[in-house]
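Worksheet: the structure to be examined is printed underneath.
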Amino acid sequence: MYKTSAELLVMMSRLERSQALNARLDVEGLKRALSRATGFHCSGLTLKAEGGFHRIYFAHCDGGRDFVARVAFDMVVYRGMKKMESEVATIAWLAKNTDIPVPTIIYYDPTTENEAHAPFMIMEKVRDMTLDKRWQTMSLDDKRVAIKSLAKIVVSLAQTQFDRIGSLYPHDSGGPVIGPMLPPCVPWFFTPDISLDAGPWRSEREYLLSCIARERACTLSHQSELQDKWRNEDLTAIGWDSILAGYLSAYDKLAQVVSSLPALDEPLPDSFGPFVLSHPDLNDRNIMISADDPSQLTLLDWDFASITPLWNLTSTPEFLFYESAGPSAGELPELRALFSAECETHFPDHILWRSQCNKGALMFLLERSCQAISLKVSPETMGGMLDRVLLKTRA
């Protein structure tokens with residue numbers, strides 16, 4: 001589903017979490033753990049990147065072997081939902097049940113009770129480059145090849161089949177189980193004072209109504225943080241009471257729309273879904289591309305992956321809309337059209353894919369409305385989204 005990078009109201013800032021990791025991370029302990037897990041002595045670590053949730057090191061080992069160590073800022077557990085364990089279960093399921101290229105995980109420890117004093121994961125190093133690093137130097141023909149391959153990966157995901165909306169977790173039986181979605185909306189899962197329904201859900205309507213109930217509860221429980229947000233955006237002239245009343249009225253209207261929306265009653269054919277596995281962030285920084293063959297792609301960062309309705313996979317990757325793409329910006333309309341056409345061509349039921357694309361345009365508006373507070377959407381904008389949803393359903 002839609003994942004937000006909005007500022008987390010109740011978390012430490014990224015800088016604070018990075019500093020906290022610096023204070024506790026035992027680099028020598030991480031090297032020892034890596035040496036033991038891989039069987040190759042680790043002689044050094046090079047910091048390569050730092051994101052919102054983890055830090056990436058390249059590990060240099062004897063014999064010219066290189067590995068990747070991904071160290072998490074926090075031991076991320078949302079009400080029993082364990083981020084790293086879910087990612088491992090998701091990658092294992094994909095490796096076993098699909099032909100989608102995914103990283104090879106050698107070892108992981110999701111706790112802080114280890115030599116590194118931090119949650120970490122060790123993976124085989126993919127000797128390629130992320131797509132964002134290569135994009136500007138690629139020929140248009142190579143970009144076409146890469147986009148066609150990416151479309152085939154999306155179609156492979158679109159043919160996975162699950163019976164509930166949620167996320168995958170390890171199970172003692174060996175196979176994964178579907179558990180709570182990790183996370184349906186990031187900020188509120190760090191709050192201990194609200195009982196939140198995180199699924200799994202057996203229908204889109206259940207999921208959306210749960211989102212509305214969650215946002216309403218969090219709006220009422222976190223008024224001080226939200227008032228700070230409005231002050232920061234210099235909208236205090238409106239008055240908090242009016243803003244709050246606007247949100248609550250919009251939530252009521254939204255619940256009425258979701259409860260009666262015909263599009264949520266349209267089942268898929270038995271050979272599809274009803275729900276599919278979705279990558280959480282299909283951007284060019286999470287796509288590795290071979291230096292020799294642009295058709296060879298590997299998808300990274302499966303943390304926060306979730307099982308969603310099919311329409312969630314029909315959107316075009318965000319990086320194909322980047323206006324800052326430099327000289328290649330003029331190529332983007334063609335590549336967007338190519339991606340859409342390839343998805344429709346390779347999906348077994350062209351008519352179904354087309355209908356899910358149309359539904360996706362509608363549901364994207366509806367889902368964003370259901371996450372208004374978390375996405376920092378004003379009540380007026382939220383109301384406008386709902387009006388557009390109603391217009392589309394009447395068209």
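Every chain in the structure tokens takes a letter, A first, then B, and so on in the order presented; its residues are numbered from 1, and the ligands are numbered from 1 following the presented order.
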DSSP alpha helix (DSSP H) selection over segment 314-384 of chain A, as a PyMOL selection string: chain A and resi 332-346+350-370+379-384
Please, which residues in segment 113-192 of chain A fall within 7 Å of segment 284-305 of chain A when counting only C-alpha atoms, and what is the closest atom pair and distance in Å to one decimal for each, ordered by chain then residue number, as CSV?
residue,atom,partner,partner_atom,distance
A:Asp128,CA,A:Ser290,CA,5.0
A:Met129,CA,A:Met288,CA,5.4
A:Thr130,CA,A:Met288,CA,4.2
A:Leu131,CA,A:Asp284,CA,5.0
A:Asp132,CA,A:Asp284,CA,5.0
A:Asp142,CA,A:Pro294,CA,5.9
A:Val145,CA,A:Ser295,CA,5.6
A:Ala146,CA,A:Ser295,CA,5.0
A:Ser149,CA,A:Ser295,CA,5.5
A:Ser167,CA,A:Ala305,CA,6.6
A:Leu182,CA,A:Phe304,CA,5.3
A:Pro183,CA,A:Phe304,CA,6.5
Keeping only all heavy atoms, write the selected residues to a file as a tab-separated table (two decimals), in the first residue's frame.
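What follows is the written file part00.tsv:
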chain	number	residue	atom	x	y	z
A	128	ASP	N	26.92	-5.13	-8.99
A	128	ASP	CA	26.29	-4.25	-9.96
A	128	ASP	C	26.18	-2.86	-9.34
A	128	ASP	O	26.78	-2.59	-8.30
A	128	ASP	CB	24.90	-4.78	-10.33
A	128	ASP	CG	24.96	-6.14	-11.02
A	128	ASP	OD1	25.92	-6.39	-11.76
A	128	ASP	OD2	24.05	-6.95	-10.79
A	129	MET	N	25.39	-2.01	-9.94
A	129	MET	CA	25.22	-0.64	-9.48
A	129	MET	C	23.73	-0.33	-9.40
A	129	MET	O	22.93	-0.88	-10.16
A	129	MET	CB	25.91	0.32	-10.46
A	129	MET	CG	25.93	1.78	-10.04
A	129	MET	SD	26.74	2.82	-11.30
A	129	MET	CE	28.42	2.20	-11.22
A	130	THR	N	23.34	0.53	-8.44
A	130	THR	CA	21.93	0.89	-8.38
A	130	THR	C	21.57	1.72	-9.61
A	130	THR	O	22.40	2.44	-10.17
A	130	THR	CB	21.61	1.68	-7.11
A	130	THR	OG1	22.50	2.80	-7.01
A	130	THR	CG2	21.73	0.80	-5.87
A	131	LEU	N	20.32	1.58	-10.02
A	131	LEU	CA	19.87	2.21	-11.27
A	131	LEU	C	20.03	3.72	-11.24
A	131	LEU	O	20.32	4.33	-12.27
A	131	LEU	CB	18.41	1.81	-11.52
A	131	LEU	CG	17.79	2.26	-12.84
A	131	LEU	CD1	18.57	1.72	-14.02
A	131	LEU	CD2	16.33	1.81	-12.91
A	132	ASP	N	19.83	4.34	-10.08
A	132	ASP	CA	19.96	5.80	-10.02
A	132	ASP	C	21.36	6.27	-10.34
A	132	ASP	O	21.57	7.38	-10.83
A	132	ASP	CB	19.50	6.33	-8.66
A	132	ASP	CG	20.40	5.87	-7.53
A	132	ASP	OD1	20.76	4.69	-7.51
A	132	ASP	OD2	20.75	6.70	-6.66
A	142	ASP	N	19.10	1.03	-23.79
A	142	ASP	CA	19.34	0.28	-22.55
A	142	ASP	C	18.27	0.58	-21.51
A	142	ASP	O	17.86	-0.31	-20.74
A	142	ASP	CB	20.72	0.61	-21.99
A	142	ASP	CG	21.84	-0.14	-22.72
A	142	ASP	OD1	21.52	-1.01	-23.55
A	142	ASP	OD2	23.02	0.15	-22.46
A	145	VAL	N	15.29	-1.49	-22.29
A	145	VAL	CA	15.49	-2.89	-21.88
A	145	VAL	C	15.27	-3.03	-20.37
A	145	VAL	O	14.60	-3.96	-19.91
A	145	VAL	CB	16.91	-3.37	-22.27
A	145	VAL	CG1	17.22	-4.73	-21.64
A	145	VAL	CG2	17.05	-3.43	-23.78
A	146	ALA	N	15.82	-2.10	-19.59
A	146	ALA	CA	15.67	-2.16	-18.13
A	146	ALA	C	14.22	-2.01	-17.71
A	146	ALA	O	13.73	-2.73	-16.83
A	146	ALA	CB	16.53	-1.07	-17.48
A	149	SER	N	12.29	-5.16	-18.28
A	149	SER	CA	12.58	-6.16	-17.26
A	149	SER	C	11.88	-5.82	-15.95
A	149	SER	O	11.38	-6.71	-15.26
A	149	SER	CB	14.10	-6.25	-17.02
A	149	SER	OG	14.74	-6.82	-18.14
A	167	SER	N	1.46	-8.66	6.16
A	167	SER	CA	2.87	-8.87	5.85
A	167	SER	C	3.26	-10.29	6.22
A	167	SER	O	2.57	-10.96	7.00
A	167	SER	CB	3.76	-7.87	6.61
A	167	SER	OG	3.55	-6.55	6.16
A	182	LEU	N	3.09	-4.37	8.07
A	182	LEU	CA	4.25	-3.68	8.64
A	182	LEU	C	4.74	-2.57	7.72
A	182	LEU	O	5.49	-2.82	6.79
A	182	LEU	CB	5.39	-4.68	8.84
A	182	LEU	CG	6.67	-4.17	9.46
A	182	LEU	CD1	6.43	-3.73	10.88
A	182	LEU	CD2	7.76	-5.20	9.40
A	183	PRO	N	4.41	-1.36	8.01
A	183	PRO	CA	3.29	-0.93	8.84
A	183	PRO	C	2.22	-0.34	7.95
A	183	PRO	O	2.53	0.19	6.88
A	183	PRO	CB	3.92	0.15	9.70
A	183	PRO	CG	4.92	0.80	8.75
A	183	PRO	CD	5.36	-0.28	7.76
Best match for closeness to Ile212 of chain A among A:His346, A:Arg32, A:Arg368, A:Lys96, counting only C-alpha atoms: A:Arg368
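Closest approach to Asp26 of chain A among A:Asn97, A:Ser224, A:Thr104, A:Asn114: A:Asn114, based on only C-alpha atoms.
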List the spatial neighbours of segment 68-70 of chain A as a PDB file with N, CA, C and O atoms, in the first residue's frame - criterion: any atom at most 6 Å away, only C-alpha atoms, same-chain residues fewer than 3 positions off excluded.
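Below is the file selection.pdb, written as the result:
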ATOM      1  N   ARG A  55      21.912   1.440   8.049  1.00  0.00           N
ATOM      2  CA  ARG A  55      23.208   1.868   7.521  1.00  0.00           C
ATOM      3  C   ARG A  55      23.813   0.692   6.748  1.00  0.00           C
ATOM      4  O   ARG A  55      23.700  -0.457   7.180  1.00  0.00           O
ATOM      5  N   ILE A  56      24.432   0.994   5.601  1.00  0.00           N
ATOM      6  CA  ILE A  56      25.006  -0.049   4.743  1.00  0.00           C
ATOM      7  C   ILE A  56      26.534   0.025   4.791  1.00  0.00           C
ATOM      8  O   ILE A  56      27.123   1.087   4.578  1.00  0.00           O
ATOM      9  N   TYR A  57      27.154  -1.129   5.072  1.00  0.00           N
ATOM     10  CA  TYR A  57      28.611  -1.257   5.012  1.00  0.00           C
ATOM     11  C   TYR A  57      28.986  -2.290   3.956  1.00  0.00           C
ATOM     12  O   TYR A  57      28.298  -3.306   3.805  1.00  0.00           O
ATOM     13  N   PHE A  58      30.086  -2.027   3.239  1.00  0.00           N
ATOM     14  CA  PHE A  58      30.706  -3.065   2.428  1.00  0.00           C
ATOM     15  C   PHE A  58      31.776  -3.722   3.287  1.00  0.00           C
ATOM     16  O   PHE A  58      32.607  -3.036   3.891  1.00  0.00           O
ATOM     17  N   ALA A  59      31.706  -5.043   3.365  1.00  0.00           N
ATOM     18  CA  ALA A  59      32.659  -5.802   4.176  1.00  0.00           C
ATOM     19  C   ALA A  59      33.708  -6.426   3.267  1.00  0.00           C
ATOM     20  O   ALA A  59      33.373  -7.138   2.324  1.00  0.00           O
ATOM     21  N   PHE A 120      21.488  -6.580  12.764  1.00  0.00           N
ATOM     22  CA  PHE A 120      22.220  -6.510  11.495  1.00  0.00           C
ATOM     23  C   PHE A 120      21.849  -7.687  10.597  1.00  0.00           C
ATOM     24  O   PHE A 120      21.336  -8.714  11.054  1.00  0.00           O
ATOM     25  N   MET A 121      22.149  -7.514   9.320  1.00  0.00           N
ATOM     26  CA  MET A 121      21.903  -8.530   8.312  1.00  0.00           C
ATOM     27  C   MET A 121      23.128  -8.595   7.403  1.00  0.00           C
ATOM     28  O   MET A 121      23.681  -7.551   7.034  1.00  0.00           O
ATOM     29  N   ILE A 122      23.563  -9.807   7.050  1.00  0.00           N
ATOM     30  CA  ILE A 122      24.704  -9.983   6.153  1.00  0.00           C
ATOM     31  C   ILE A 122      24.201 -10.607   4.858  1.00  0.00           C
ATOM     32  O   ILE A 122      23.499 -11.620   4.868  1.00  0.00           O
ATOM     33  N   MET A 123      24.563  -9.979   3.743  1.00  0.00           N
ATOM     34  CA  MET A 123      24.104 -10.440   2.441  1.00  0.00           C
ATOM     35  C   MET A 123      25.265 -10.577   1.474  1.00  0.00           C
ATOM     36  O   MET A 123      26.314  -9.948   1.643  1.00  0.00           O
ATOM     37  N   LYS A 125      27.201  -9.662  -1.718  1.00  0.00           N
ATOM     38  CA  LYS A 125      27.297  -8.396  -2.432  1.00  0.00           C
ATOM     39  C   LYS A 125      26.979  -8.611  -3.902  1.00  0.00           C
ATOM     40  O   LYS A 125      27.541  -9.499  -4.548  1.00  0.00           O
TER      41      LYS A 125
END
From A:Val154, A:Cys357, A:Leu254, A:Ile100, residue lying nearest Gly384 of chain A [only C-alpha atoms]: A:Leu254
Show me, as number ranges by chain, the residues that have an atom within 7 Å of Leu366 of chain A when counting only C-alpha atoms, minus same-chain residues fewer than 3 positions from it. A: 362-363, 369-370, 386, 389
Give the strand (DSSP E or B) residues of segment 63-110 of chain A, as assigned by DSSP on the backbone, as an mmCIF file with C-alpha atoms, in the first residue's frame.
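Once written, part_26.cif looks like this:
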data_model
loop_
_atom_site.group_PDB
_atom_site.id
_atom_site.type_symbol
_atom_site.label_atom_id
_atom_site.label_comp_id
_atom_site.auth_asym_id
_atom_site.auth_seq_id
_atom_site.Cartn_x
_atom_site.Cartn_y
_atom_site.Cartn_z
ATOM 1 C CA ASP A 66 33.058 -8.885 -0.403
ATOM 2 C CA PHE A 67 29.758 -8.890 1.469
ATOM 3 C CA VAL A 68 27.169 -6.331 2.544
ATOM 4 C CA ALA A 69 26.364 -5.660 6.190
ATOM 5 C CA ARG A 70 23.140 -3.759 6.802
ATOM 6 C CA VAL A 71 22.887 -2.422 10.350
ATOM 7 C CA ALA A 72 19.535 -1.179 11.648
ATOM 8 C CA VAL A 77 9.270 -3.915 16.615
ATOM 9 C CA TYR A 78 5.810 -2.450 16.076
ATOM 10 C CA MET A 81 5.519 -6.915 14.259
ATOM 11 C CA LYS A 82 9.202 -7.474 13.606
ATOM 12 C CA ILE A 105 20.825 -13.345 2.968
ATOM 13 C CA ILE A 106 23.623 -15.238 4.699
ATOM 14 C CA TYR A 107 22.853 -14.421 8.316
ATOM 15 C CA TYR A 108 20.836 -11.995 10.394
ATOM 16 C CA ASP A 109 20.308 -11.104 14.038
#
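Take the candidates A:Glu342, A:Ser156, A:Gly174, A:Phe319 and check each one against Ser278 of chain A using only C-alpha atoms; the shortest distance goes to A:Ser156.
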Using only C-alpha atoms, which protein or nucleic acid residues come within 8 Å of Gly44 of chain A? Drop anything in the same chain fewer than 3 positions from it, and give the result as a ChimeraX atom specification. /A:31,59-61
Keeping only N, CA and C atoms, take the residues you just selected and write them out as a CSV table (one decimal), in the first residue's frame.
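This is the output file result_19.csv:
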chain,number,residue,atom,x,y,z
A,31,LYS,N,32.5,-7.1,12.7
A,31,LYS,CA,33.5,-7.8,11.8
A,31,LYS,C,33.7,-9.3,12.3
A,59,ALA,N,31.7,-5.0,3.4
A,59,ALA,CA,32.7,-5.8,4.2
A,59,ALA,C,33.7,-6.4,3.3
A,60,HIS,N,35.0,-6.1,3.6
A,60,HIS,CA,36.1,-6.7,2.7
A,60,HIS,C,36.7,-7.8,3.5
A,61,CYS,N,36.7,-9.0,2.8
A,61,CYS,CA,37.2,-10.2,3.4
A,61,CYS,C,38.3,-10.8,2.7
